[in-house]
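Below is one structure, written out as structure tokens, with a few remarks after it.
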Number of protein chains: 2
Amino acid sequence: MSNEVHFQEDTNGLSDPKGYLAAAVSADIRGNGGDRLDMGIVYSLSPCAAAGVFTKNAVKAAPVLDCERILGLGTPIHGIVANSGNANACTGTQGIQDSLEMIRSAEAACGSPENGFLVCSTGRIGDLLPMDRIKPAIAKLGESIEKDSACGAEFATCILTSDTRNKTCTAQFEINGKLVSVGGAAKGAGMIQPDMATMLAFVTTDIAASSAELKSLLVEAVDPTFNAITVDGDMSTNDTALVLANGESGVKLDDQSRALFKEALYRVCDCLADKIVSDGERITKVVEILISGAASNSDAENIARAIGNSLLVKTSWYGNDPNWGRLMDALGYADAQIDQYVIDISYDDVSALVSGDPIPNNKPKWKEVVSQSRFTIKIDMHQGDGIYRLRASDLTEGYVDFNKSE
Amino acid sequence: MSNEVHFQEDTNGLSDPKGYLAAAVSADIRGNGGDRLDMGIVYSLSPCAAAGVFTKNAVKAAPVLDCERILGLGTPIHGIVANSGNANACTGTQGIQDSLEMIRSAEAACGSPENGFLVCSTGRIGDLLPMDRIKPAIAKLGESIEKDSACGAEFATCILTSDTRNKTCTAQFEINGKLVSVGGAAKGAGMIQPDMATMLAFVTTDIAASSAELKSLLVEAVDPTFNAITVDGDMSTNDTALVLANGESGVKLDDQSRALFKEALYRVCDCLADKIVSDGERITKVVEILISGAASNSDAENIARAIGNSLLVKTSWYGNDPNWGRLMDALGYADAQIDQYVIDISYDDVSALVSGDPIPNNKPKWKEVVSQSRFTIKIDMHQGDGIYRLRASDLTEGYVDFNKSE
């Protein structure tokens with residue numbers, strides 16, 4: 001293996017780096033007697049440095065509050081316990097007790113020291129967790145972990161809600177003959193407008209790093225990836241991205257390894273973010289919106305988000321309609337410096353608007369571009385150097401039908 | 001008639017006040033050989049004071065720029081020329097020339113002095129107006145106006161786009177034996193998140209008032225009405241609300257008449273705003289969101305808009321699903337001061353959440369409320385005295401289907 005990052009999708013993800021075990025079970029959290037995998041544990045016998053970024057929603061779920069609290073303690077982290085089917089959000093004081101009980105049960109089941117577990121929940125808001133089914137499920141997970149279970153793919157399944165497929169990947173590189181791995185798993189699908197997405201994203205690595213270093217690299221990786229996708233513009237109560245680093249590779253994060261590790265972490269986050277948007281609820285397309293020439297990067301972001309969240313824009317994509325007028329309308333109400341008479345717009349490499357003047361002769365070509373399941377919209381604002389990339393999905397009747405009741 | 005405001009819906013609207021004529025024709029602006037009414041003129045032989053409020057979108061259509069320019073001149077206004085089917089937006093310098101030519105043609109057709117006409121367009125963005133069909137249509141409108149045409153209802157029809165019905169109303173009151181009338185007409189349907197709505201709204205009155213007085217009363221009436229509705233959260237390039245006052249009633253706007261006129265103007269705007277949201281594209285419900293106890297009125301507005309524009313909230317309304325968890329999620333990402341543990345939520349008068357704790361026993365009653373075509377969501381934030389009322393529609397598969405191509 002040469003001195004570069006090797007990357008693979010649809011792997012075991014979190015259990016690929018050395019020293020990580022993973023297991024999943026069915027706890028019937030939805031209470032419908034089903035047997036889908038809905039609880040899981042990721043565990044490292046060696047203590048991990050850890051870092052996380054969380055939803056900016058003022059209504060935070062109990063497990064989000066617990067993760068923030070435990071990461072604040074600075075105790076060594078050994079694992080993550082997670083469930084789908086119930087978000088443990090808006091569940092009052094009972095929800096806070098339940099979240100803590102999940103942590104304590106996982107610690108006991110795996111033999112972890114106190115405050116060695118982080119906790120994540122995703123699913124319906126407002127219902128109490130079925131703790132009578134969750135506690136025995138966690139005990140069972142502990143038994144699997146004791147048997148050296150390396151079921152990262154099953155863990156990736158147990159966190160899914162309205163997702164239609166697993167989201168995992170693994171990046172690896174070599175330093176001085178030692179292999180470093182970065183494994184990832186995520187869930188997304190609805191309530192997706194990051195900062196963060198409605199998503200859980202987990203990354204494990206066997207590099208050795210401090211929690212502070214991890215935090216700064218995680219934030220850097222999350223911003224252009226998980227925070228730059230949108231399905232429906234809704235920001236969740238439970239969004240969480242966590243990274244654990246146990247040092248088992250024997251490689252330290254230092255000047256020699258940093259560039260490769262950053263690239264590996266970025267590629268894992270970028271791949272998972274793409275998997276989240278492309279598996280958005282009942283979507284048919286992923287559109288990459290590339291804004292350049294804005295007065296600032298934040299202007300560029302505002303413009304991209306106004307476009308990527310406009311219902312009229314998203315429905316026109318769905319209908320294969322290259323309606324650039326709706327793009328102009330949406331960017332016009334973005335909070336940004338705008339001169340409509342100098343804007344260039346193209347679909348992939350086909351011009352639609354040059355200096356604010358339409359190129360109607362290209363219409364058949366725009367239509368071809370918009371008919372693809374992936375395409376790019378490039379907009380040059382000619383106001384400065386600000387850039388931003390947002391990946392957005394279309395909006396379909398299927399989304400409405402799917403979400404009209406839960 | 002006693003000293004109070006009398007109000008009626010589905011009237012002739014703009015031609016009800018004394019001295020106003022109205023006419024509409026088909027100019028086949030969509031170019032499909034159809035004969036639907038798509039151009040109209042409202043005209044007053046007596047000069048009018050006038051005022052307008054316009055879209056805050058940075059991409060403004062040519063007719064919006066013309067209205068702002070002409071109102072800035074302070075010339076007496078005699079009329080409005082309007083068309084549907086084409087917004088004359090994002091049409092470059094040719095669009096600006098076309099808008100001015102519509103004004104000059106209308107002035108010539110009606111014998112108005114220069115800069116005596118305002119102009120409005122609504123419809124598809126990005127196509128040039130078919131001026132070869134528009135100019136003869138305006139000449140024909142002039143002939144109808146000469147024949148004393150009082151076709152306010154037909155004018156209200158000619159401005160419609162995806163609307164399914166006319167939107168008109170008239171308010172009247174008496175002062176010292178003299179009758180004062182306020183007539184209104186509007187179009188809405190899609191791209192509706194005011195400040196302003198994607199809407200055109202016109203008001204005529206025969207009271208005598210200065211343009212400055214009219215402007216201040218118009219702004220006061222528009223804020224809690226046209227600016228407090230949302231269908232899809234998109235803000236248009238063409239939004240316009242105009243009021244003309246010709247003084248023909250013989251009543252002046254003064255201390256004696258002001259309260260009654262304000263009430264009449266408010267009721268006309270409120271009725272038209274309600275007609276716009278309840279005729280939103282393929283909607284099935286209108287939900288009144290009443291926020292109280294926010295830290296400020298602007299916090300209350302941010303909370304109401306986050307809820308009223310959330311796709312997940314809107315689809316759950318459509319599905320008769322009283323999913324208050326989605327309300328909590330949406331208000332959590334509003335830019336506002338929030339403590340999730342003190343919030344009260346009710347559907348009509350049925351409590352869903354008290355001090356942040358759910359009242360699950362009321363679930364059958366919430367479901368009944370949400371199954372109605374109109375209901376109210378009341379949220380007390382317990383943070384201060386801030387209040388806001390927003391009227392929002394649900395989101396249906398029909399909306400997506402309707403907008404996937406134009």
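Labeling convention for the structure tokens: chains A, B, ... as they appear, residues from 1 per chain, ligands from 1 in order of appearance.
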
Could you list, as a list in words, every residue within 7 Å of His78 (chain A), counting only C-alpha atoms and ignoring same-chain residues fewer than 2 positions away? Tyr43, Ser44, Leu45, Ser46, Pro47, Cys48, Pro76, Ser112, Gly116 and Phe117 of chain A

What would the file look like if the residues just selected were written as a PDB file, in the first residue's frame with C-alpha atoms?
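As written to disk, again_26.pdb reads:
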```pdb
ATOM      1  CA  TYR A  43     -17.224  -0.948  21.752  1.00  0.00           C
ATOM      2  CA  SER A  44     -13.452  -0.604  22.165  1.00  0.00           C
ATOM      3  CA  LEU A  45     -11.679  -2.421  24.996  1.00  0.00           C
ATOM      4  CA  SER A  46      -8.928   0.219  24.845  1.00  0.00           C
ATOM      5  CA  PRO A  47     -10.047   3.639  26.048  1.00  0.00           C
ATOM      6  CA  CYS A  48     -10.782   6.158  23.294  1.00  0.00           C
ATOM      7  CA  PRO A  76     -12.070   7.898  28.488  1.00  0.00           C
ATOM      8  CA  SER A 112     -16.903  -0.282  30.873  1.00  0.00           C
ATOM      9  CA  GLY A 116     -17.468   5.419  29.288  1.00  0.00           C
ATOM     10  CA  PHE A 117     -20.520   5.265  26.987  1.00  0.00           C
TER      11      PHE A 117
END
```

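Backbone DSSP of region 153-263 of chain A yields helix (DSSP H, G or I) at Ala153, Glu154, Phe155, Ala156, Thr157, Cys158, Ser211, Ala212, Glu213, Leu214, Lys215, Ser216, Leu217, Leu218, Val219, Glu220, Ala221, Val222, Phe226, Asn227, Ala228, Arg258, Ala259, Leu260, Phe261, Lys262 and Glu263 of chain A.
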
Keeping N, CA and C atoms for every residue in the selection just given, could you write it to a file as a PDB file, in the first residue's frame?
```
ATOM      1  N   ALA A 153     -21.649  -3.846  10.060  1.00  0.00           N
ATOM      2  CA  ALA A 153     -22.723  -3.684   9.067  1.00  0.00           C
ATOM      3  C   ALA A 153     -24.089  -3.803   9.745  1.00  0.00           C
ATOM      4  N   GLU A 154     -24.204  -4.731  10.697  1.00  0.00           N
ATOM      5  CA  GLU A 154     -25.479  -4.878  11.417  1.00  0.00           C
ATOM      6  C   GLU A 154     -25.755  -3.648  12.286  1.00  0.00           C
ATOM      7  N   PHE A 155     -24.697  -3.114  12.906  1.00  0.00           N
ATOM      8  CA  PHE A 155     -24.882  -1.874  13.669  1.00  0.00           C
ATOM      9  C   PHE A 155     -25.406  -0.787  12.742  1.00  0.00           C
ATOM     10  N   ALA A 156     -24.819  -0.677  11.544  1.00  0.00           N
ATOM     11  CA  ALA A 156     -25.262   0.347  10.583  1.00  0.00           C
ATOM     12  C   ALA A 156     -26.727   0.162  10.211  1.00  0.00           C
ATOM     13  N   THR A 157     -27.203  -1.080  10.257  1.00  0.00           N
ATOM     14  CA  THR A 157     -28.615  -1.350   9.952  1.00  0.00           C
ATOM     15  C   THR A 157     -29.516  -0.940  11.118  1.00  0.00           C
ATOM     16  N   CYS A 158     -29.054  -1.185  12.336  1.00  0.00           N
ATOM     17  CA  CYS A 158     -29.946  -0.986  13.486  1.00  0.00           C
ATOM     18  C   CYS A 158     -30.266   0.485  13.743  1.00  0.00           C
ATOM     19  N   SER A 211      -8.608  14.261  22.364  1.00  0.00           N
ATOM     20  CA  SER A 211      -9.987  14.654  22.102  1.00  0.00           C
ATOM     21  C   SER A 211     -10.047  16.030  21.456  1.00  0.00           C
ATOM     22  N   ALA A 212      -9.174  16.928  21.863  1.00  0.00           N
ATOM     23  CA  ALA A 212      -9.185  18.287  21.307  1.00  0.00           C
ATOM     24  C   ALA A 212      -8.818  18.269  19.824  1.00  0.00           C
ATOM     25  N   GLU A 213      -7.774  17.469  19.487  1.00  0.00           N
ATOM     26  CA  GLU A 213      -7.404  17.351  18.070  1.00  0.00           C
ATOM     27  C   GLU A 213      -8.556  16.752  17.266  1.00  0.00           C
ATOM     28  N   LEU A 214      -9.159  15.700  17.822  1.00  0.00           N
ATOM     29  CA  LEU A 214     -10.277  15.056  17.120  1.00  0.00           C
ATOM     30  C   LEU A 214     -11.401  16.044  16.870  1.00  0.00           C
ATOM     31  N   LYS A 215     -11.713  16.844  17.899  1.00  0.00           N
ATOM     32  CA  LYS A 215     -12.835  17.786  17.782  1.00  0.00           C
ATOM     33  C   LYS A 215     -12.580  18.766  16.647  1.00  0.00           C
ATOM     34  N   SER A 216     -11.361  19.284  16.601  1.00  0.00           N
ATOM     35  CA  SER A 216     -11.094  20.299  15.587  1.00  0.00           C
ATOM     36  C   SER A 216     -11.118  19.682  14.189  1.00  0.00           C
ATOM     37  N   LEU A 217     -10.594  18.454  14.035  1.00  0.00           N
ATOM     38  CA  LEU A 217     -10.643  17.806  12.715  1.00  0.00           C
ATOM     39  C   LEU A 217     -12.062  17.389  12.343  1.00  0.00           C
ATOM     40  N   LEU A 218     -12.853  17.002  13.345  1.00  0.00           N
ATOM     41  CA  LEU A 218     -14.240  16.606  13.066  1.00  0.00           C
ATOM     42  C   LEU A 218     -15.046  17.801  12.565  1.00  0.00           C
ATOM     43  N   VAL A 219     -14.909  18.927  13.255  1.00  0.00           N
ATOM     44  CA  VAL A 219     -15.645  20.135  12.838  1.00  0.00           C
ATOM     45  C   VAL A 219     -15.264  20.511  11.404  1.00  0.00           C
ATOM     46  N   GLU A 220     -13.960  20.440  11.128  1.00  0.00           N
ATOM     47  CA  GLU A 220     -13.476  20.785   9.786  1.00  0.00           C
ATOM     48  C   GLU A 220     -14.049  19.845   8.722  1.00  0.00           C
ATOM     49  N   ALA A 221     -14.202  18.576   9.073  1.00  0.00           N
ATOM     50  CA  ALA A 221     -14.708  17.597   8.106  1.00  0.00           C
ATOM     51  C   ALA A 221     -16.225  17.670   7.954  1.00  0.00           C
ATOM     52  N   VAL A 222     -16.921  18.027   9.040  1.00  0.00           N
ATOM     53  CA  VAL A 222     -18.390  17.999   9.029  1.00  0.00           C
ATOM     54  C   VAL A 222     -18.965  19.187   8.248  1.00  0.00           C
ATOM     55  N   PHE A 226     -21.540  16.847   6.074  1.00  0.00           N
ATOM     56  CA  PHE A 226     -22.858  16.674   6.699  1.00  0.00           C
ATOM     57  C   PHE A 226     -23.632  17.978   6.797  1.00  0.00           C
ATOM     58  N   ASN A 227     -22.917  19.070   6.979  1.00  0.00           N
ATOM     59  CA  ASN A 227     -23.616  20.358   7.099  1.00  0.00           C
ATOM     60  C   ASN A 227     -23.924  21.001   5.759  1.00  0.00           C
ATOM     61  N   ALA A 228     -23.582  20.355   4.665  1.00  0.00           N
ATOM     62  CA  ALA A 228     -23.815  20.941   3.342  1.00  0.00           C
ATOM     63  C   ALA A 228     -24.684  20.035   2.485  1.00  0.00           C
ATOM     64  N   ARG A 258      -0.897  13.608   9.754  1.00  0.00           N
ATOM     65  CA  ARG A 258      -2.081  14.467   9.810  1.00  0.00           C
ATOM     66  C   ARG A 258      -2.784  14.616   8.457  1.00  0.00           C
ATOM     67  N   ALA A 259      -2.022  14.888   7.398  1.00  0.00           N
ATOM     68  CA  ALA A 259      -2.643  15.137   6.090  1.00  0.00           C
ATOM     69  C   ALA A 259      -3.412  13.904   5.618  1.00  0.00           C
ATOM     70  N   LEU A 260      -2.802  12.739   5.798  1.00  0.00           N
ATOM     71  CA  LEU A 260      -3.484  11.516   5.364  1.00  0.00           C
ATOM     72  C   LEU A 260      -4.734  11.251   6.212  1.00  0.00           C
ATOM     73  N   PHE A 261      -4.607  11.454   7.529  1.00  0.00           N
ATOM     74  CA  PHE A 261      -5.770  11.218   8.392  1.00  0.00           C
ATOM     75  C   PHE A 261      -6.904  12.192   8.058  1.00  0.00           C
ATOM     76  N   LYS A 262      -6.540  13.454   7.839  1.00  0.00           N
ATOM     77  CA  LYS A 262      -7.568  14.443   7.479  1.00  0.00           C
ATOM     78  C   LYS A 262      -8.283  14.033   6.206  1.00  0.00           C
ATOM     79  N   GLU A 263      -7.489  13.557   5.211  1.00  0.00           N
ATOM     80  CA  GLU A 263      -8.107  13.149   3.953  1.00  0.00           C
ATOM     81  C   GLU A 263      -9.026  11.946   4.178  1.00  0.00           C
TER      82      GLU A 263
END
```

Starting from chain B, keep only residues with some atom at most 8 Å from an atom of chain A, counting only C-alpha atoms, and report them as a ChimeraX atom specification. /B:56-60,90-92,124-126,191,232-237,310-312,315-321,324-326,328-333,338-341,356-358,395-398,400-401,403-406

Minimum-distance residue to Val370 (chain A), chosen among A:Met199, A:Val350, A:Ile291, A:Val243 (using only C-alpha atoms): A:Val350

Neighbour list for Thr168 (chain A) as a ChimeraX atom specification, cut-off 12 Å, only C-alpha atoms, skip fewer than 5 positions in-chain: /A:7-16,152-157,159-160,182-187,201-204,267-276

Can you write out the residues you just picked, keeping C-alpha atoms, as a compact mmCIF listing (two decimals), in the first residue's frame?
```txt
# COMPACT_ATOMS: atom_id res chain seq x y z
CA PHE A 7 -11.29 4.07 0.19
CA GLN A 8 -14.17 1.61 0.04
CA GLU A 9 -17.94 1.91 0.35
CA ASP A 10 -20.41 -0.56 1.88
CA THR A 11 -17.92 -2.05 4.34
CA ASN A 12 -18.25 -3.14 7.95
CA GLY A 13 -17.56 0.50 8.76
CA LEU A 14 -17.21 1.01 12.49
CA SER A 15 -15.74 -2.43 13.23
CA ASP A 16 -13.05 -2.13 10.53
CA GLY A 152 -20.33 -3.17 11.99
CA ALA A 153 -22.72 -3.68 9.07
CA GLU A 154 -25.48 -4.88 11.42
CA PHE A 155 -24.88 -1.87 13.67
CA ALA A 156 -25.26 0.35 10.58
CA THR A 157 -28.61 -1.35 9.95
CA ILE A 159 -29.75 2.84 13.40
CA LEU A 160 -31.80 3.20 10.19
CA VAL A 182 -11.17 5.14 9.63
CA GLY A 183 -14.59 3.51 9.55
CA GLY A 184 -17.96 5.24 9.31
CA ALA A 185 -21.69 4.57 9.55
CA ALA A 186 -24.64 6.96 9.30
CA LYS A 187 -28.41 7.22 9.04
CA ALA A 201 -23.02 9.67 12.01
CA PHE A 202 -20.35 7.64 13.73
CA VAL A 203 -16.66 7.37 12.94
CA THR A 204 -14.14 5.06 14.58
CA ARG A 267 -13.63 11.08 2.56
CA VAL A 268 -15.56 9.04 5.13
CA CYS A 269 -17.73 12.05 6.06
CA ASP A 270 -18.21 13.10 2.43
CA CYS A 271 -19.23 9.61 1.37
CA LEU A 272 -21.70 9.23 4.26
CA ALA A 273 -23.17 12.70 3.57
CA ASP A 274 -23.69 11.78 -0.06
CA LYS A 275 -25.33 8.52 0.96
CA ILE A 276 -27.68 10.44 3.26
```

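Taking CA of Lys285 (chain B) and CA of Pro364 (chain B) as the two end points, the separation is 19.2 Å.
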
Polymer residues at most 7 Å from region 379-390 of chain A, only C-alpha atoms, same-chain spacing of 5 or more positions, as a list of chain:residue names: A:Ala228, A:Ile229, A:Glu288, A:Ile289, A:Leu290, A:Ile291, A:Ser292, A:Gly293, A:Ala294, A:Ala295, A:Ser296, A:Asn297, A:Asp299, A:Ala300, A:Glu301, A:Ala304, A:Val342, A:Ile343, A:Asp344, A:Ile345, A:Ser346

Limited to N, CA and C atoms, could you put the picked residues into a file as an mmCIF file, in the first residue's frame?
```cif
data_model
loop_
_atom_site.group_PDB
_atom_site.id
_atom_site.type_symbol
_atom_site.label_atom_id
_atom_site.label_comp_id
_atom_site.auth_asym_id
_atom_site.auth_seq_id
_atom_site.Cartn_x
_atom_site.Cartn_y
_atom_site.Cartn_z
ATOM 1 N N ALA A 228 -23.582 20.355 4.665
ATOM 2 C CA ALA A 228 -23.815 20.941 3.342
ATOM 3 C C ALA A 228 -24.684 20.035 2.485
ATOM 4 N N ILE A 229 -25.696 19.453 3.124
ATOM 5 C CA ILE A 229 -26.690 18.680 2.380
ATOM 6 C C ILE A 229 -28.070 19.103 2.864
ATOM 7 N N GLU A 288 -26.172 19.047 -7.195
ATOM 8 C CA GLU A 288 -25.074 19.741 -6.549
ATOM 9 C C GLU A 288 -25.163 21.215 -6.953
ATOM 10 N N ILE A 289 -25.304 22.079 -5.970
ATOM 11 C CA ILE A 289 -25.418 23.519 -6.244
ATOM 12 C C ILE A 289 -24.072 24.161 -5.918
ATOM 13 N N LEU A 290 -23.412 24.674 -6.938
ATOM 14 C CA LEU A 290 -22.086 25.274 -6.756
ATOM 15 C C LEU A 290 -22.204 26.779 -6.943
ATOM 16 N N ILE A 291 -22.071 27.511 -5.853
ATOM 17 C CA ILE A 291 -22.135 28.967 -5.932
ATOM 18 C C ILE A 291 -20.710 29.505 -5.928
ATOM 19 N N SER A 292 -20.411 30.408 -6.850
ATOM 20 C CA SER A 292 -19.110 31.089 -6.841
ATOM 21 C C SER A 292 -19.345 32.577 -7.041
ATOM 22 N N GLY A 293 -18.298 33.367 -6.791
ATOM 23 C CA GLY A 293 -18.388 34.803 -7.050
ATOM 24 C C GLY A 293 -19.339 35.551 -6.129
ATOM 25 N N ALA A 294 -19.736 34.928 -5.005
ATOM 26 C CA ALA A 294 -20.589 35.658 -4.061
ATOM 27 C C ALA A 294 -19.731 36.656 -3.275
ATOM 28 N N ALA A 295 -20.393 37.600 -2.622
ATOM 29 C CA ALA A 295 -19.653 38.630 -1.890
ATOM 30 C C ALA A 295 -18.860 38.013 -0.729
ATOM 31 N N SER A 296 -19.309 36.883 -0.207
ATOM 32 C CA SER A 296 -18.606 36.193 0.879
ATOM 33 C C SER A 296 -19.024 34.733 0.849
ATOM 34 N N ASN A 297 -18.289 33.876 1.583
ATOM 35 C CA ASN A 297 -18.697 32.470 1.658
ATOM 36 C C ASN A 297 -20.067 32.329 2.306
ATOM 37 N N ASP A 299 -22.548 34.525 2.170
ATOM 38 C CA ASP A 299 -23.525 34.877 1.128
ATOM 39 C C ASP A 299 -23.748 33.684 0.197
ATOM 40 N N ALA A 300 -22.634 33.044 -0.197
ATOM 41 C CA ALA A 300 -22.744 31.893 -1.110
ATOM 42 C C ALA A 300 -23.577 30.789 -0.474
ATOM 43 N N GLU A 301 -23.358 30.554 0.833
ATOM 44 C CA GLU A 301 -24.132 29.520 1.532
ATOM 45 C C GLU A 301 -25.619 29.894 1.590
ATOM 46 N N ALA A 304 -27.117 29.240 -1.819
ATOM 47 C CA ALA A 304 -27.270 27.811 -2.103
ATOM 48 C C ALA A 304 -28.427 27.218 -1.296
ATOM 49 N N VAL A 342 -25.951 40.631 -13.616
ATOM 50 C CA VAL A 342 -24.596 40.135 -13.917
ATOM 51 C C VAL A 342 -24.456 38.633 -13.649
ATOM 52 N N ILE A 343 -25.555 37.981 -13.285
ATOM 53 C CA ILE A 343 -25.469 36.575 -12.863
ATOM 54 C C ILE A 343 -25.333 35.622 -14.060
ATOM 55 N N ASP A 344 -24.437 34.617 -13.915
ATOM 56 C CA ASP A 344 -24.345 33.510 -14.881
ATOM 57 C C ASP A 344 -24.892 32.240 -14.229
ATOM 58 N N ILE A 345 -25.689 31.484 -14.961
ATOM 59 C CA ILE A 345 -26.189 30.190 -14.476
ATOM 60 C C ILE A 345 -25.934 29.136 -15.544
ATOM 61 N N SER A 346 -25.398 27.981 -15.127
ATOM 62 C CA SER A 346 -25.356 26.868 -16.071
ATOM 63 C C SER A 346 -25.796 25.572 -15.405
#
```

Members of region 69-128 of chain B assigned strand (DSSP E or B) by DSSP, as a PyMOL selection string: chain B and resi 77-86+117-124

From the set B:Ala27, B:Ala245, B:Val119, B:Leu21, which residue has the shortest atom-to-atom contact distance to Pro136 (chain B), counting only C-alpha atoms? B:Ala27

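Summary of the local environment: counting only C-alpha atoms, residues at most 9 Å from Arg104 (chain B), other than itself and those fewer than 4 positions away along its chain, are Ser99, Leu100, Ala108, Ala109, Glu114, Asn115 and Phe117 of chain B.
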
Rounded to one decimal, what separation in Å do you get between CA of Tyr20 (chain A) and CA of Leu37 (chain A)? 19.5 Å

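With CA of Ile134 (chain A) on one side and CA of Ala50 (chain A) on the other, the separation reads 24.9 Å.
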
Hey, what's within 9 Å of Ile41 (chain B) if we count only C-alpha atoms and toss same-chain stuff fewer than 3 positions away? As an MDAnalysis selection string, please? chainID B and resid 21:24 79:82 106 138 141:142 145 155
